[in-house]
$ cat final-v1.txt   # compact mmCIF, C-alpha atoms
# COMPACT_ATOMS: atom_id res chain seq x y z
CA GLU E 269 -5.58 67.47 -56.27
CA PRO E 270 -7.01 70.95 -56.89
CA GLU E 271 -10.73 71.22 -56.42
CA VAL E 272 -13.62 73.59 -56.94
CA THR E 273 -15.18 74.56 -53.62
CA GLN E 274 -18.84 75.49 -53.26
CA THR E 275 -20.55 76.99 -50.24
CA PRO E 276 -22.94 76.41 -48.67
CA SER E 277 -23.62 72.74 -49.34
CA HIS E 278 -27.28 73.23 -48.47
CA GLN E 279 -29.38 76.37 -48.42
CA VAL E 280 -33.02 76.81 -47.58
CA THR E 281 -34.63 80.11 -48.51
CA GLN E 282 -38.09 81.58 -48.59
CA MET E 283 -39.75 82.28 -51.89
CA GLY E 284 -39.04 85.82 -53.04
CA GLN E 285 -35.76 86.09 -51.15
CA GLU E 286 -32.42 86.75 -52.80
CA VAL E 287 -29.81 84.03 -52.56
CA ILE E 288 -26.11 84.00 -53.41
CA LEU E 289 -24.31 80.77 -54.13
CA ARG E 290 -20.56 80.87 -53.82
CA CYS E 291 -17.80 79.05 -55.61
CA VAL E 292 -14.02 79.15 -55.48
CA PRO E 293 -12.70 77.84 -58.80
CA ILE E 294 -9.30 76.26 -59.28
CA SER E 295 -6.76 79.07 -59.15
CA ASN E 296 -5.22 78.85 -62.63
CA HIS E 297 -8.48 78.20 -64.42
CA LEU E 298 -9.85 80.84 -66.78
CA TYR E 299 -13.36 79.63 -67.57
CA PHE E 300 -16.16 79.38 -65.06
CA TYR E 301 -19.60 77.86 -65.28
CA TRP E 302 -22.82 77.32 -63.42
CA TYR E 303 -25.09 74.36 -64.01
CA ARG E 304 -28.38 73.37 -62.46
CA GLN E 305 -29.90 69.98 -61.76
CA ILE E 306 -33.52 69.77 -60.68
CA LEU E 307 -34.02 66.69 -58.53
CA GLY E 308 -34.05 63.53 -60.61
CA GLN E 309 -33.38 65.33 -63.86
CA LYS E 310 -30.39 66.01 -66.06
CA VAL E 311 -27.71 68.58 -65.46
CA GLU E 312 -28.41 71.78 -67.41
CA PHE E 313 -26.02 74.53 -68.42
CA LEU E 314 -26.83 77.98 -67.06
CA VAL E 315 -23.94 80.30 -67.86
CA SER E 316 -20.27 80.48 -68.74
CA PHE E 317 -17.95 83.29 -67.73
CA TYR E 318 -14.60 84.29 -69.15
CA ASN E 319 -12.45 87.39 -68.95
CA ASN E 320 -14.82 88.96 -66.44
CA GLU E 321 -17.89 88.71 -68.55
CA ILE E 322 -20.59 86.28 -69.49
CA SER E 323 -19.59 84.41 -72.63
CA GLU E 324 -22.69 82.30 -73.03
CA LYS E 325 -25.97 81.74 -71.24
CA SER E 326 -28.92 79.43 -71.62
CA GLU E 327 -32.62 80.21 -71.77
CA ILE E 328 -32.86 79.31 -68.10
CA PHE E 329 -30.52 82.16 -67.17
CA ASP E 330 -33.06 84.98 -67.21
CA ASP E 331 -33.00 88.39 -65.56
CA GLN E 332 -33.43 86.84 -62.13
CA PHE E 333 -29.94 85.38 -62.36
CA SER E 334 -26.60 87.13 -62.30
CA VAL E 335 -22.99 86.07 -61.90
CA GLU E 336 -20.00 87.89 -60.58
CA ARG E 337 -16.34 87.39 -59.87
CA PRO E 338 -16.03 90.02 -57.17
CA ASP E 339 -12.49 89.53 -55.96
CA GLY E 340 -10.51 87.40 -58.40
CA SER E 341 -11.06 84.20 -56.48
CA ASN E 342 -14.78 83.80 -55.80
CA PHE E 343 -17.38 83.21 -58.48
CA THR E 344 -20.96 83.79 -57.39
CA LEU E 345 -24.42 83.07 -58.70
CA LYS E 346 -27.19 85.36 -57.47
CA ILE E 347 -30.87 84.65 -57.77
CA ARG E 348 -32.72 87.87 -57.08
CA SER E 349 -36.20 86.69 -56.16
CA THR E 350 -36.33 82.95 -55.73
CA LYS E 351 -39.23 80.87 -56.94
CA LEU E 352 -40.24 77.38 -55.90
CA GLU E 353 -39.00 76.06 -59.23
CA ASP E 354 -35.50 77.33 -58.49
CA SER E 355 -35.14 74.46 -56.03
CA ALA E 356 -32.30 72.38 -57.45
CA MET E 357 -28.69 71.38 -57.07
CA TYR E 358 -26.42 74.08 -58.44
CA PHE E 359 -22.99 73.06 -59.64
CA CYS E 360 -20.09 75.38 -60.25
CA ALA E 361 -17.30 74.28 -62.60
CA SER E 362 -14.07 75.71 -63.90
CA SER E 363 -11.65 74.80 -66.66
CA GLU E 364 -8.20 75.80 -67.90
CA THR E 365 -9.48 76.21 -71.44
CA GLY E 366 -12.93 75.49 -72.71
CA PHE E 367 -12.25 71.78 -72.89
CA PHE E 368 -9.42 70.88 -70.58
CA GLY E 369 -9.26 70.43 -66.86
CA TYR E 370 -13.02 70.65 -66.50
CA THR E 371 -13.76 70.27 -62.80
CA PHE E 372 -17.07 70.41 -60.99
CA GLY E 373 -17.66 71.44 -57.42
CA SER E 374 -19.68 69.23 -55.11
CA GLY E 375 -22.78 71.37 -55.52
CA THR E 376 -25.13 73.51 -53.45
CA ARG E 377 -28.57 72.10 -52.84
CA LEU E 378 -31.01 75.01 -52.85
CA THR E 379 -34.48 74.51 -51.43
CA VAL E 380 -37.03 77.28 -51.88
CA VAL E 381 -39.99 77.07 -49.51
CA ALA F 703 -28.18 71.33 -82.71
CA GLN F 704 -26.25 69.44 -80.10
CA LYS F 705 -27.94 66.61 -78.29
CA VAL F 706 -27.03 63.68 -76.09
CA THR F 707 -29.35 60.70 -75.78
CA GLN F 708 -29.12 58.09 -73.08
CA ALA F 709 -31.97 55.79 -73.97
CA GLN F 710 -31.66 53.60 -70.88
CA THR F 711 -33.36 55.32 -67.97
CA GLU F 712 -32.66 52.62 -65.42
CA ILE F 713 -30.66 49.41 -65.43
CA SER F 714 -30.57 46.82 -62.69
CA VAL F 715 -27.94 44.09 -62.57
CA VAL F 716 -26.63 41.61 -60.09
CA GLU F 717 -23.12 42.01 -58.78
CA LYS F 718 -20.38 40.66 -61.06
CA GLU F 719 -22.47 41.07 -64.18
CA ASP F 720 -21.12 43.22 -67.00
CA VAL F 721 -23.24 46.19 -67.97
CA THR F 722 -23.09 48.63 -70.89
CA LEU F 723 -24.51 52.12 -70.73
CA ASP F 724 -25.37 53.62 -74.09
CA CYS F 725 -24.77 57.17 -75.25
CA VAL F 726 -25.62 58.61 -78.65
CA TYR F 727 -24.75 62.18 -79.52
CA GLU F 728 -25.54 64.71 -82.22
CA THR F 729 -23.32 67.55 -83.31
CA ARG F 730 -22.47 69.37 -86.53
CA ASP F 731 -18.96 70.16 -85.39
CA THR F 732 -15.93 68.10 -86.32
CA THR F 733 -14.12 68.97 -83.11
CA TYR F 734 -15.88 67.99 -79.95
CA TYR F 735 -15.35 66.29 -76.63
CA LEU F 736 -17.33 63.57 -74.94
CA PHE F 737 -17.46 62.96 -71.24
CA TRP F 738 -18.83 60.46 -68.77
CA TYR F 739 -19.66 61.44 -65.22
CA LYS F 740 -20.82 59.36 -62.28
CA GLN F 741 -23.27 60.83 -59.78
CA PRO F 742 -23.46 58.73 -56.61
CA PRO F 743 -26.34 59.18 -54.14
CA SER F 744 -24.32 61.87 -52.36
CA GLY F 745 -24.91 64.07 -55.41
CA GLU F 746 -21.50 65.19 -56.62
CA LEU F 747 -20.39 64.74 -60.23
CA VAL F 748 -17.41 62.45 -60.51
CA PHE F 749 -15.40 62.77 -63.71
CA LEU F 750 -14.71 59.43 -65.41
CA ILE F 751 -13.37 60.18 -68.87
CA ARG F 752 -12.95 62.82 -71.57
CA ARG F 753 -12.44 61.80 -75.17
CA ASN F 754 -11.87 64.12 -78.15
CA SER F 755 -13.40 63.53 -81.54
CA PHE F 756 -10.07 62.75 -83.19
CA ASP F 757 -9.22 59.90 -80.90
CA GLU F 758 -11.31 56.85 -81.65
CA GLN F 759 -9.22 54.42 -79.70
CA ASN F 760 -11.16 52.53 -77.11
CA GLU F 761 -10.04 53.06 -73.56
CA ILE F 762 -9.88 50.77 -70.59
CA SER F 763 -9.38 51.82 -67.00
CA GLY F 764 -9.64 48.95 -64.59
CA ARG F 765 -13.17 47.59 -64.77
CA TYR F 766 -14.30 50.51 -66.93
CA SER F 767 -14.06 50.66 -70.71
CA TRP F 768 -15.35 53.03 -73.32
CA ASN F 769 -16.21 52.35 -76.94
CA PHE F 770 -16.21 55.44 -79.15
CA GLN F 771 -17.67 54.96 -82.63
CA LYS F 772 -17.91 58.08 -84.77
CA SER F 773 -19.70 56.17 -87.51
CA THR F 774 -22.68 55.63 -85.22
CA SER F 775 -22.14 58.76 -83.06
CA SER F 776 -21.95 56.61 -79.97
CA PHE F 777 -19.78 56.63 -76.88
CA ASN F 778 -20.78 53.63 -74.81
CA PHE F 779 -19.52 52.79 -71.35
CA THR F 780 -19.04 49.26 -70.05
CA ILE F 781 -18.51 48.21 -66.47
CA THR F 782 -17.06 44.73 -66.16
CA ALA F 783 -17.78 42.63 -63.09
CA SER F 784 -20.05 45.26 -61.58
CA GLN F 785 -19.97 45.99 -57.87
CA VAL F 786 -22.52 47.46 -55.48
CA VAL F 787 -20.39 50.62 -55.26
CA ASP F 788 -21.02 51.18 -58.96
CA SER F 789 -24.65 52.00 -58.17
CA ALA F 790 -25.15 55.58 -59.29
CA VAL F 791 -26.55 57.74 -62.06
CA TYR F 792 -24.21 57.96 -65.02
CA PHE F 793 -24.26 60.94 -67.34
CA CYS F 794 -22.82 61.23 -70.80
CA ALA F 795 -22.01 64.78 -71.93
CA LEU F 796 -20.90 66.59 -75.08
CA SER F 797 -18.89 69.76 -75.55
CA ASP F 798 -18.40 71.12 -79.03
CA GLN F 799 -17.27 74.32 -80.71
CA GLY F 800 -20.85 75.47 -80.93
CA GLY F 801 -20.55 75.92 -77.21
CA SER F 802 -17.34 77.83 -77.70
CA GLN F 803 -16.45 78.10 -74.08
CA GLY F 804 -16.75 74.39 -73.43
CA ASN F 805 -20.29 74.28 -72.13
CA LEU F 806 -21.39 70.72 -71.53
CA ILE F 807 -24.62 69.29 -72.83
CA PHE F 808 -25.72 66.38 -70.70
CA GLY F 809 -27.87 63.40 -71.43
CA LYS F 810 -30.69 62.55 -69.05
CA GLY F 811 -28.60 59.95 -67.29
CA THR F 812 -28.86 56.24 -66.67
CA LYS F 813 -29.52 55.04 -63.15
CA LEU F 814 -27.55 51.88 -62.49
CA SER F 815 -28.49 49.67 -59.57
CA VAL F 816 -26.14 46.83 -58.73
CA LYS F 817 -27.64 44.33 -56.34
CA PRO F 818 -25.57 41.98 -54.21

$ encode --input "final-v1.txt" --output "structure tokens"
Amino acid sequence: EPEVTQTPSHQVTQMGQEVILRCVPISNHLYFYWYRQILGQKVEFLVSFYNNEISEKSEIFDDQFSVERPDGSNFTLKIRSTKLEDSAMYFCASSETGFFGYTFGSGTRLTVV
Amino acid sequence: AQKVTQAQTEISVVEKEDVTLDCVYETRDTTYYLFWYKQPPSGELVFLIRRNSFDEQNEISGRYSWNFQKSTSSFNFTITASQVVDSAVYFCALSDQGGSQGNLIFGKGTKLSVKP
């Protein structure tokens, strides 16, 4: 069964450092997403991406965040200057359309120290 | 505004008991999708079901069943004869046309503990 692959599974970074989280969506999917889950809390939408541009973003997705699809297969989330409160599990997802085939990756646990 | 409420924060049952997890949603759209996900201690999100707003038939999959009631804006999830492996956090989620690209709005989750 096709899956969304996220790397790394765990990342520890120092406060103020830039971090890039990587995702390989399912190959025929057109919509891509990032979500965040702070430990013990609910999963929160960050951003959706379609046709090589951001289609929607939440209040959480401020200027410190950016997304990119650099080579037609990877989908990345960059946090420019990490803060302690960025520590969370970050999930990538992709879908065929906005509603169908929605598949989450297994997540990257980011710890900012 | 879209919203998903899972009023039960934690539920603890003994193995073989039936348990129902509640989910109440709010949306102004007539077309929307509802989801349930399981998050085991390992942390990944495991897809359980997607239901669209035009299909109110209840669904059963093995020990799992879902009761969708538009009249009460609820999409409840029942596990019959619970097992220890069912212990996890369960999230209900909503996707409607307001989130035009299918962004999911999650509830806060219900932590289910099944004791032997």

$ residues_around --input "final-v1.txt" --residues "segment 733-741 of chain F" --least-positions-apart "2" --cutoff "9 Å" --atoms "all atoms listed in the file" --output "ChimeraX atom specification"
/E:367 /F:727,729,731,743-756,777,779,788,790-799,804,806,808

$ write_last_selection --input "final-v1.txt" --atoms "C-alpha atoms" --output "compact mmCIF listing (two decimals), in the frame of the given file"
# COMPACT_ATOMS: atom_id res chain seq x y z
CA PHE E 367 -12.25 71.78 -72.89
CA TYR F 727 -24.75 62.18 -79.52
CA THR F 729 -23.32 67.55 -83.31
CA ASP F 731 -18.96 70.16 -85.39
CA PRO F 743 -26.34 59.18 -54.14
CA SER F 744 -24.32 61.87 -52.36
CA GLY F 745 -24.91 64.07 -55.41
CA GLU F 746 -21.50 65.19 -56.62
CA LEU F 747 -20.39 64.74 -60.23
CA VAL F 748 -17.41 62.45 -60.51
CA PHE F 749 -15.40 62.77 -63.71
CA LEU F 750 -14.71 59.43 -65.41
CA ILE F 751 -13.37 60.18 -68.87
CA ARG F 752 -12.95 62.82 -71.57
CA ARG F 753 -12.44 61.80 -75.17
CA ASN F 754 -11.87 64.12 -78.15
CA SER F 755 -13.40 63.53 -81.54
CA PHE F 756 -10.07 62.75 -83.19
CA PHE F 777 -19.78 56.63 -76.88
CA PHE F 779 -19.52 52.79 -71.35
CA ASP F 788 -21.02 51.18 -58.96
CA ALA F 790 -25.15 55.58 -59.29
CA VAL F 791 -26.55 57.74 -62.06
CA TYR F 792 -24.21 57.96 -65.02
CA PHE F 793 -24.26 60.94 -67.34
CA CYS F 794 -22.82 61.23 -70.80
CA ALA F 795 -22.01 64.78 -71.93
CA LEU F 796 -20.90 66.59 -75.08
CA SER F 797 -18.89 69.76 -75.55
CA ASP F 798 -18.40 71.12 -79.03
CA GLN F 799 -17.27 74.32 -80.71
CA GLY F 804 -16.75 74.39 -73.43
CA LEU F 806 -21.39 70.72 -71.53
CA PHE F 808 -25.72 66.38 -70.70

$ residues_around --input "final-v1.txt" --residues "segment 332-347 of chain E" --least-positions-apart "5" --cutoff "9 Å" --atoms "only C-alpha atoms" --output "PyMOL selection string"
chain E and resi 285-295+300-302+315+317+320-322+354+360

$ residues_around --input "final-v1.txt" --residues "segment 278-282 of chain E" --least-positions-apart "6" --cutoff "10 Å" --atoms "all atoms listed in the file" --output "list in words"
Ile288, Leu289, Ser349, Thr350, Lys351, Leu352, Ser355, Met357, Gly375, Thr376, Arg377, Leu378, Thr379, Val380 and Val381 of chain E

$ write_last_selection --input "final-v1.txt" --atoms "C-alpha atoms" --output "compact mmCIF listing (two decimals), keeping the file's coordinate frame"
# COMPACT_ATOMS: atom_id res chain seq x y z
CA ILE E 288 -26.11 84.00 -53.41
CA LEU E 289 -24.31 80.77 -54.13
CA SER E 349 -36.20 86.69 -56.16
CA THR E 350 -36.33 82.95 -55.73
CA LYS E 351 -39.23 80.87 -56.94
CA LEU E 352 -40.24 77.38 -55.90
CA SER E 355 -35.14 74.46 -56.03
CA MET E 357 -28.69 71.38 -57.07
CA GLY E 375 -22.78 71.37 -55.52
CA THR E 376 -25.13 73.51 -53.45
CA ARG E 377 -28.57 72.10 -52.84
CA LEU E 378 -31.01 75.01 -52.85
CA THR E 379 -34.48 74.51 -51.43
CA VAL E 380 -37.03 77.28 -51.88
CA VAL E 381 -39.99 77.07 -49.51

$ closest_atom_pairs --input "final-v1.txt" --of "chain E" --to "chain F" --cutoff "12 Å" --atoms "only C-alpha atoms" --output "CSV"
residue,atom,partner,partner_atom,distance
E:Glu271,CA,F:Val748,CA,11.8
E:Val272,CA,F:Glu746,CA,11.5
E:Thr273,CA,F:Glu746,CA,11.7
E:Gln274,CA,F:Glu746,CA,11.2
E:Ser277,CA,F:Gly745,CA,10.7
E:His278,CA,F:Gly745,CA,11.7
E:Leu298,CA,F:Gln803,CA,10.2
E:Tyr299,CA,F:Gln803,CA,7.4
E:Phe300,CA,F:Gln803,CA,9.1
E:Tyr301,CA,F:Asn805,CA,7.8
E:Trp302,CA,F:Asn805,CA,9.6
E:Tyr303,CA,F:Leu806,CA,9.1
E:Arg304,CA,F:Phe808,CA,11.1
E:Gln305,CA,F:Gly745,CA,10.0
E:Ile306,CA,F:Lys810,CA,11.4
E:Leu307,CA,F:Gly745,CA,10.0
E:Gly308,CA,F:Lys810,CA,9.1
E:Gln309,CA,F:Lys810,CA,6.5
E:Lys310,CA,F:Lys810,CA,4.6
E:Val311,CA,F:Phe808,CA,6.0
E:Glu312,CA,F:Phe808,CA,6.9
E:Phe313,CA,F:Leu806,CA,6.8
E:Leu314,CA,F:Asn805,CA,9.1
E:Val315,CA,F:Asn805,CA,8.2
E:Ser316,CA,F:Gln803,CA,7.0
E:Phe317,CA,F:Gln803,CA,8.3
E:Tyr318,CA,F:Gln803,CA,8.1
E:Asn319,CA,F:Gln803,CA,11.3
E:Ile322,CA,F:Gln803,CA,10.3
E:Ser323,CA,F:Gln803,CA,7.2
E:Glu324,CA,F:Gln803,CA,7.6
E:Lys325,CA,F:Asn805,CA,9.4
E:Ser326,CA,F:Asn805,CA,10.1
E:Ala356,CA,F:Gly745,CA,11.3
E:Met357,CA,F:Gly745,CA,8.4
E:Tyr358,CA,F:Glu746,CA,10.3
E:Phe359,CA,F:Glu746,CA,8.6
E:Cys360,CA,F:Leu747,CA,10.6
E:Ala361,CA,F:Asn805,CA,10.0
E:Ser362,CA,F:Gly804,CA,10.0
E:Ser363,CA,F:Gly804,CA,8.5
E:Glu364,CA,F:Gly804,CA,10.3
E:Thr365,CA,F:Gln803,CA,7.7
E:Gly366,CA,F:Gly804,CA,4.0
E:Phe367,CA,F:Gly804,CA,5.2
E:Phe368,CA,F:Gly804,CA,8.6
E:Gly369,CA,F:Arg752,CA,9.7
E:Tyr370,CA,F:Phe749,CA,8.7
E:Thr371,CA,F:Phe749,CA,7.7
E:Phe372,CA,F:Leu747,CA,6.6
E:Gly373,CA,F:Glu746,CA,7.4
E:Ser374,CA,F:Glu746,CA,4.7
E:Gly375,CA,F:Glu746,CA,6.4
E:Thr376,CA,F:Glu746,CA,9.6
E:Arg377,CA,F:Gly745,CA,9.2

$ atom_distance --input "final-v1.txt" --atom1 "atom CA of Pro818 of chain F" --atom2 "atom CA of Asn769 of chain F"
26.7 Å

$ atom_distance --input "final-v1.txt" --atom1 "atom CA of Glu717 of chain F" --atom2 "atom CA of Ser784 of chain F"
5.3 Å

$ atom_distance --input "final-v1.txt" --atom1 "atom CA of Gln785 of chain F" --atom2 "atom CA of Ile762 of chain F"
16.9 Å

$ axis_aligned_box --input "final-v1.txt" --around "segment 704-712 of chain F" --padding-each-side "5 Å" --output "lines of an AutoDock Vina configuration file"
center_x = -29.8
center_y = 61.0
center_z = -72.8
size_x = 17.1
size_y = 26.8
size_z = 24.7

$ closest_residue --input "final-v1.txt" --among "F:Trp768, F:Asn778, F:Val816, F:Glu761" --to "Val706 of chain F" --atoms "all atoms listed in the file"
F:Asn778

$ decode --input "final-v1.txt" --residues "segment 347-374 of chain E" --atoms "N, CA and C atoms" --output "compact mmCIF listing (two decimals), in the first residue's frame"
# COMPACT_ATOMS: atom_id res chain seq x y z
N ILE E 347 11.59 25.48 9.35
CA ILE E 347 11.39 26.42 10.44
C ILE E 347 12.69 27.20 10.57
N ARG E 348 12.62 28.51 10.37
CA ARG E 348 13.86 29.29 10.21
C ARG E 348 14.65 29.42 11.51
N SER E 349 14.00 29.76 12.56
CA SER E 349 14.70 30.00 13.83
C SER E 349 13.85 29.36 14.92
N THR E 350 14.19 28.13 15.26
CA THR E 350 13.31 27.36 16.13
C THR E 350 13.23 27.93 17.53
N LYS E 351 12.04 27.76 18.10
CA LYS E 351 11.79 28.18 19.48
C LYS E 351 11.43 26.93 20.29
N LEU E 352 11.53 27.05 21.59
CA LEU E 352 11.20 25.90 22.44
C LEU E 352 9.80 25.39 22.16
N GLU E 353 8.88 26.32 21.91
CA GLU E 353 7.49 25.94 21.69
C GLU E 353 7.22 25.30 20.34
N ASP E 354 8.24 25.21 19.52
CA ASP E 354 8.10 24.47 18.25
C ASP E 354 8.27 22.97 18.46
N SER E 355 8.66 22.57 19.65
CA SER E 355 8.79 21.15 19.96
C SER E 355 7.43 20.49 19.80
N ALA E 356 7.36 19.49 18.95
CA ALA E 356 6.08 18.85 18.63
C ALA E 356 6.33 17.69 17.68
N MET E 357 5.28 16.95 17.43
CA MET E 357 5.29 15.97 16.34
C MET E 357 4.73 16.68 15.12
N TYR E 358 5.43 16.56 14.02
CA TYR E 358 4.99 17.18 12.77
C TYR E 358 4.60 16.06 11.80
N PHE E 359 3.37 16.15 11.33
CA PHE E 359 2.86 15.15 10.39
C PHE E 359 2.72 15.76 9.01
N CYS E 360 3.18 15.05 8.04
CA CYS E 360 2.93 15.38 6.64
C CYS E 360 1.76 14.51 6.18
N ALA E 361 0.96 15.01 5.25
CA ALA E 361 -0.12 14.22 4.66
C ALA E 361 -0.24 14.59 3.19
N SER E 362 -0.83 13.68 2.43
CA SER E 362 -1.13 14.00 1.04
C SER E 362 -2.47 13.38 0.68
N SER E 363 -3.09 13.92 -0.36
CA SER E 363 -4.36 13.37 -0.81
C SER E 363 -4.49 13.52 -2.32
N GLU E 364 -5.33 12.66 -2.91
CA GLU E 364 -5.56 12.71 -4.35
C GLU E 364 -6.33 13.98 -4.70
N THR E 365 -7.44 14.18 -3.99
CA THR E 365 -8.20 15.42 -4.07
C THR E 365 -8.23 15.95 -2.66
N GLY E 366 -9.01 16.97 -2.42
CA GLY E 366 -9.02 17.49 -1.07
C GLY E 366 -9.58 16.52 -0.05
N PHE E 367 -10.38 15.57 -0.50
CA PHE E 367 -11.06 14.71 0.47
C PHE E 367 -10.69 13.24 0.38
N PHE E 368 -10.22 12.83 -0.76
CA PHE E 368 -10.01 11.40 -0.97
C PHE E 368 -8.55 10.98 -0.86
N GLY E 369 -8.38 9.79 -0.36
CA GLY E 369 -7.05 9.21 -0.28
C GLY E 369 -6.14 9.89 0.71
N TYR E 370 -6.72 10.52 1.69
CA TYR E 370 -5.96 11.28 2.69
C TYR E 370 -5.07 10.33 3.46
N THR E 371 -3.78 10.55 3.40
CA THR E 371 -2.83 9.64 4.05
C THR E 371 -1.80 10.45 4.83
N PHE E 372 -1.62 10.06 6.08
CA PHE E 372 -0.62 10.72 6.92
C PHE E 372 0.68 9.92 6.94
N GLY E 373 1.78 10.64 7.05
CA GLY E 373 3.05 10.00 7.34
C GLY E 373 3.13 9.66 8.81
N SER E 374 4.21 8.99 9.19
CA SER E 374 4.34 8.53 10.57
C SER E 374 4.88 9.61 11.51
